Structure formats: C-alpha cells, structure tokens
file structure-v2.csv (CSV, C-alpha atoms)
chain,number,residue,atom,x,y,z
A,3,MET,CA,74.0,108.2,146.4
A,4,ASN,CA,75.2,111.2,144.6
A,5,LYS,CA,78.7,112.4,145.6
A,6,ASN,CA,77.4,115.9,146.1
A,7,THR,CA,74.5,114.7,148.4
A,8,PRO,CA,75.6,114.7,152.0
A,9,SER,CA,75.0,111.5,154.0
A,10,GLU,CA,72.7,111.5,157.0
A,11,ILE,CA,75.7,111.4,159.3
A,12,GLU,CA,77.2,114.4,157.6
A,13,LEU,CA,73.9,116.2,157.9
A,14,LEU,CA,73.7,115.4,161.6
A,15,GLN,CA,77.3,116.5,162.2
A,16,ALA,CA,76.5,119.8,160.4
A,17,SER,CA,73.3,120.1,162.5
A,18,LEU,CA,75.5,119.7,165.6
A,19,GLN,CA,77.5,122.7,164.4
A,20,GLY,CA,74.3,124.7,164.2
A,21,GLN,CA,73.7,124.5,160.5
A,22,THR,CA,69.9,124.9,160.3
A,23,PRO,CA,69.6,123.8,156.6
A,24,ALA,CA,71.2,120.5,157.4
A,25,PHE,CA,68.6,119.8,160.1
A,26,GLU,CA,65.9,120.9,157.7
A,27,ALA,CA,67.0,118.1,155.4
A,28,ILE,CA,66.8,115.7,158.3
A,29,VAL,CA,63.3,116.9,159.1
A,30,GLN,CA,62.2,116.4,155.4
A,31,LYS,CA,63.6,112.9,155.5
A,32,TYR,CA,61.8,111.8,158.7
A,33,GLN,CA,58.7,114.0,158.6
A,34,SER,CA,56.4,111.4,157.1
A,35,LEU,CA,57.6,108.7,159.6
A,36,ILE,CA,57.2,110.9,162.7
A,37,CYS,CA,53.8,112.2,161.6
A,38,ALA,CA,52.7,108.6,161.0
A,39,ILE,CA,53.8,107.6,164.5
A,40,THR,CA,52.0,110.5,166.1
A,41,TYR,CA,48.9,110.1,163.9
A,42,SER,CA,48.6,106.4,164.7
A,43,ALA,CA,48.7,107.2,168.4
A,44,THR,CA,46.4,110.3,168.4
A,45,GLY,CA,44.0,109.8,165.4
A,46,SER,CA,44.1,113.6,165.1
A,47,LEU,CA,45.9,115.3,162.2
A,48,GLU,CA,46.2,118.5,164.2
A,49,LYS,CA,47.6,116.9,167.4
A,50,SER,CA,49.8,114.6,165.4
A,51,GLU,CA,51.5,117.5,163.6
A,52,GLU,CA,51.9,119.3,166.9
A,53,LEU,CA,53.6,116.3,168.5
A,54,ALA,CA,55.8,115.7,165.4
A,55,GLN,CA,56.9,119.3,165.5
A,56,GLN,CA,57.8,119.0,169.2
A,57,ALA,CA,59.7,115.8,168.5
A,58,PHE,CA,61.9,117.5,165.9
A,59,VAL,CA,62.5,120.5,168.1
A,60,LYS,CA,63.5,118.2,171.0
A,61,GLY,CA,65.7,116.2,168.6
A,62,TRP,CA,67.4,119.4,167.4
A,63,LYS,CA,68.0,120.7,171.0
A,64,ASN,CA,69.2,117.4,172.3
A,65,LEU,CA,71.2,116.1,169.3
A,66,GLY,CA,74.4,116.5,171.2
A,67,GLN,CA,73.3,113.9,173.7
A,68,LEU,CA,73.1,111.2,171.0
A,69,ASN,CA,76.2,109.1,171.3
A,70,ASP,CA,75.9,107.2,168.0
A,71,LEU,CA,74.6,109.3,165.1
A,72,SER,CA,73.9,106.2,163.1
A,73,LYS,CA,71.1,105.5,165.6
A,74,PHE,CA,69.3,108.8,165.0
A,75,ARG,CA,66.2,107.3,163.5
A,76,ALA,CA,65.5,105.0,166.4
A,77,TRP,CA,66.4,107.9,168.9
A,78,LEU,CA,64.0,110.3,167.2
A,79,CYS,CA,61.3,107.6,167.3
A,80,SER,CA,61.8,107.1,171.0
A,81,ILE,CA,61.6,110.9,171.6
A,82,THR,CA,58.4,110.9,169.6
A,83,ARG,CA,56.9,108.0,171.6
A,84,ARG,CA,57.9,109.7,174.9
A,85,LEU,CA,56.2,112.9,173.8
A,86,ILE,CA,53.0,111.0,173.0
A,87,SER,CA,53.1,109.3,176.4
A,88,ASP,CA,53.6,112.7,178.1
A,89,SER,CA,50.8,114.2,176.1
A,90,TYR,CA,48.4,111.4,177.2
A,91,ARG,CA,49.3,111.9,180.8
A,92,ARG,CA,48.7,115.7,180.6
A,93,GLN,CA,45.5,115.2,178.8
A,94,GLN,CA,44.1,112.9,181.5
A,95,ASN,CA,44.7,115.6,184.1
A,96,ASP,CA,43.3,118.4,181.8
A,97,ILE,CA,39.5,118.9,182.2
A,98,THR,CA,39.4,121.3,179.2
A,99,SER,CA,40.8,118.6,176.8
A,100,LYS,CA,37.5,116.7,177.3
A,101,ALA,CA,35.4,119.6,176.2
A,102,ILE,CA,34.1,119.9,172.6
A,103,SER,CA,36.1,122.4,170.6
A,104,MET,CA,34.3,125.4,169.2
A,105,ASP,CA,35.7,124.5,165.7
A,106,SER,CA,33.6,121.3,165.7
A,107,ILE,CA,30.5,123.1,166.8
A,108,GLN,CA,30.7,125.8,164.1
A,109,GLU,CA,32.4,123.9,161.4
A,110,HIS,CA,32.4,125.4,157.9
A,111,PRO,CA,33.4,123.1,155.0
A,112,SER,CA,36.2,124.3,152.8
A,113,GLU,CA,35.3,126.5,149.9
A,114,ASP,CA,37.3,124.1,147.6
A,115,ILE,CA,34.8,121.3,148.1
A,116,GLY,CA,31.0,121.2,148.4
A,117,PRO,CA,29.0,120.3,151.5
A,118,ILE,CA,28.4,116.7,150.3
A,119,GLU,CA,32.1,116.1,149.7
A,120,ALA,CA,32.9,117.6,153.1
A,121,ALA,CA,30.4,115.4,154.8
A,122,ILE,CA,31.7,112.3,153.0
A,123,SER,CA,35.3,113.2,153.9
A,124,LYS,CA,34.4,113.8,157.5
A,125,GLU,CA,32.5,110.5,157.7
A,126,ARG,CA,35.4,108.6,156.1
A,127,GLU,CA,37.8,110.1,158.6
A,128,ALA,CA,35.5,109.1,161.5
A,129,ILE,CA,35.3,105.5,160.1
A,130,VAL,CA,39.0,105.2,159.7
A,131,ASN,CA,39.7,106.6,163.1
A,132,GLU,CA,37.2,104.2,164.7
A,133,ALA,CA,38.7,101.3,162.9
A,134,LEU,CA,42.2,102.3,163.8
A,135,SER,CA,41.2,102.7,167.5
A,136,LYS,CA,40.1,99.1,167.5
A,137,ILE,CA,43.4,97.8,166.3
A,138,PRO,CA,45.9,97.1,169.2
A,139,GLU,CA,48.7,99.7,169.4
A,140,ARG,CA,51.5,97.3,168.5
A,141,PHE,CA,49.8,96.5,165.2
A,142,ARG,CA,48.2,100.0,164.6
A,143,GLU,CA,51.5,101.9,164.3
A,144,PRO,CA,53.2,99.6,161.8
A,145,LEU,CA,49.9,99.6,159.8
A,146,VAL,CA,49.8,103.4,159.6
A,147,LEU,CA,53.5,103.5,158.9
A,148,TYR,CA,53.1,100.9,156.1
A,149,TYR,CA,50.6,103.1,154.3
A,150,ARG,CA,52.1,106.5,155.3
A,151,GLU,CA,55.6,105.5,154.2
A,152,ASP,CA,54.1,104.2,150.9
A,153,ARG,CA,55.9,100.9,151.2
A,154,SER,CA,55.2,98.0,148.8
A,155,TYR,CA,53.9,94.7,150.0
A,156,ARG,CA,57.4,93.1,149.5
A,157,GLN,CA,59.1,95.8,151.5
A,158,GLY,CA,56.6,95.5,154.3
A,159,PRO,CA,57.0,97.2,157.6
A,160,ASN,CA,60.1,95.2,158.4
A,161,ASN,CA,62.4,98.2,158.8
A,162,LEU,CA,60.0,99.9,161.2
A,163,VAL,CA,60.9,100.3,164.9
A,164,SER,CA,58.4,98.5,167.1
A,165,PRO,CA,57.1,100.3,170.2
A,166,ASN,CA,58.3,97.3,172.2
A,167,THR,CA,61.8,97.4,170.8
A,168,GLN,CA,64.5,98.2,173.4
A,169,LEU,CA,66.5,101.1,172.0
A,170,GLU,CA,70.0,102.1,172.9
A,171,THR,CA,69.9,105.8,173.0
A,172,GLY,CA,72.0,108.7,174.2
A,173,TYR,CA,68.8,110.5,175.2
call {"tool": "encode", "arguments": {"input": "structure-v2.csv", "output": "structure tokens"}}
result
Amino acid sequence: MNKNTPSEIELLQASLQGQTPAFEAIVQKYQSLICAITYSATGSLEKSEELAQQAFVKGWKNLGQLNDLSKFRAWLCSITRRLISDSYRRQQNDITSKAISMDSIQEHPSEDIGPIEAAISKEREAIVNEALSKIPERFREPLVLYYREDRSYRQGPNNLVSPNTQLETGY
C-alpha cells in the first residue's frame, strides 16, 4: 500500500470525526460487495441499489457503535442483511408492492439500443433472475458475489461472509 494512501482503519477513524470524503472512500471500496448482496436477495437492480444506499447511510450514522473498526466489512454486511430482511417483512404487509408498476406497463426501450436489443436484454435479465431464484440463498449470494466482485477461480468466494456466519458486531 502506498504510504500516502490511508488504511481502512484510518478512513473509518476520519469518518468518525465527520470527514465525509473518508467515508466516500469506504463506500467506493464496498459498493460492489453491498450491491451484490442486495441484488442476490432482491433480483432487482433498482431495489438493490436502494437497499445498498440505506446500508451505507445506516453504517455512517451508526459507525460510532462499532467497537472494533477492523470488523467493519462484516458489520456492514450484517446491516445490509438486516435491511433486506426488514424490507421483505414490510413488503409482505404492503398491498401496493404486489401491483404491477406503471413503468413496466408503458416501458420504452432506451434510445441507445434498438427494440430488438432491448427485448433480448430484458429476456436475458428474466432468465438470469429466474435461474438465481431457484438457487438456495446460501449458495446464491456467494455466486453473485463471486461474479460481481470479479474474483478468479483460484481466489474463489472464500473471503466472503456467509449469511449463516455468526458475526461479532457492535451494532
């Protein structure tokens, strides 16, 4: 690591002092991981980004509660999973969440791609989402993380936090 590049602990300590740029660096470091976790749980890009944003905001607001800054990654992942769980509970009680969105009814393909490419892209997305939904959650999340984090076969998902892992958190 470059001597001028602050460590993660230094960035977290600066974040605790209210230095927004330090936390922005933390967000950049973990954005792909958190979005992969939320996407593997929701299958929706829009919902996954919303939940990821909520996780970072909650992490920022509650950072002072984390006793051991070296466990930030696991702590942030547990916040993310809790938000996903809460979102599912709210969705089960929300009648409007079961309605078809107006966007899907009057969908207009992007001007950047033609209608055929848009249809193919939409079909691919549906196939991937259907395939992912058939994979048990304990395997789905590491699979999405494996590809989202762009790990090689040799690296594998060994460093990933399993949803069944008991985490020691200050949260």
call {"tool": "atom_distance", "arguments": {"input": "structure-v2.csv", "atom1": "CA of Leu13 in chain A", "atom2": "CA of Ile81 in chain A"}}
result
19.2 Å
call {"tool": "residues_near_point", "arguments": {"input": "structure-v2.csv", "point": "(72.9, 107.5, 163.9)", "cutoff": "12 Å", "atoms": "only C-alpha atoms", "output": "MDAnalysis selection string"}}
result
chainID A and resid 9:15 28 65:78 170:172
call {"tool": "atom_distance", "arguments": {"input": "structure-v2.csv", "atom1": "CA of Arg140 in chain A", "atom2": "CA of Ile39 in chain A"}}
result
11.3 Å
call {"tool": "atom_distance", "arguments": {"input": "structure-v2.csv", "atom1": "CA of Arg83 in chain A", "atom2": "CA of Gln19 in chain A"}}
result
26.3 Å
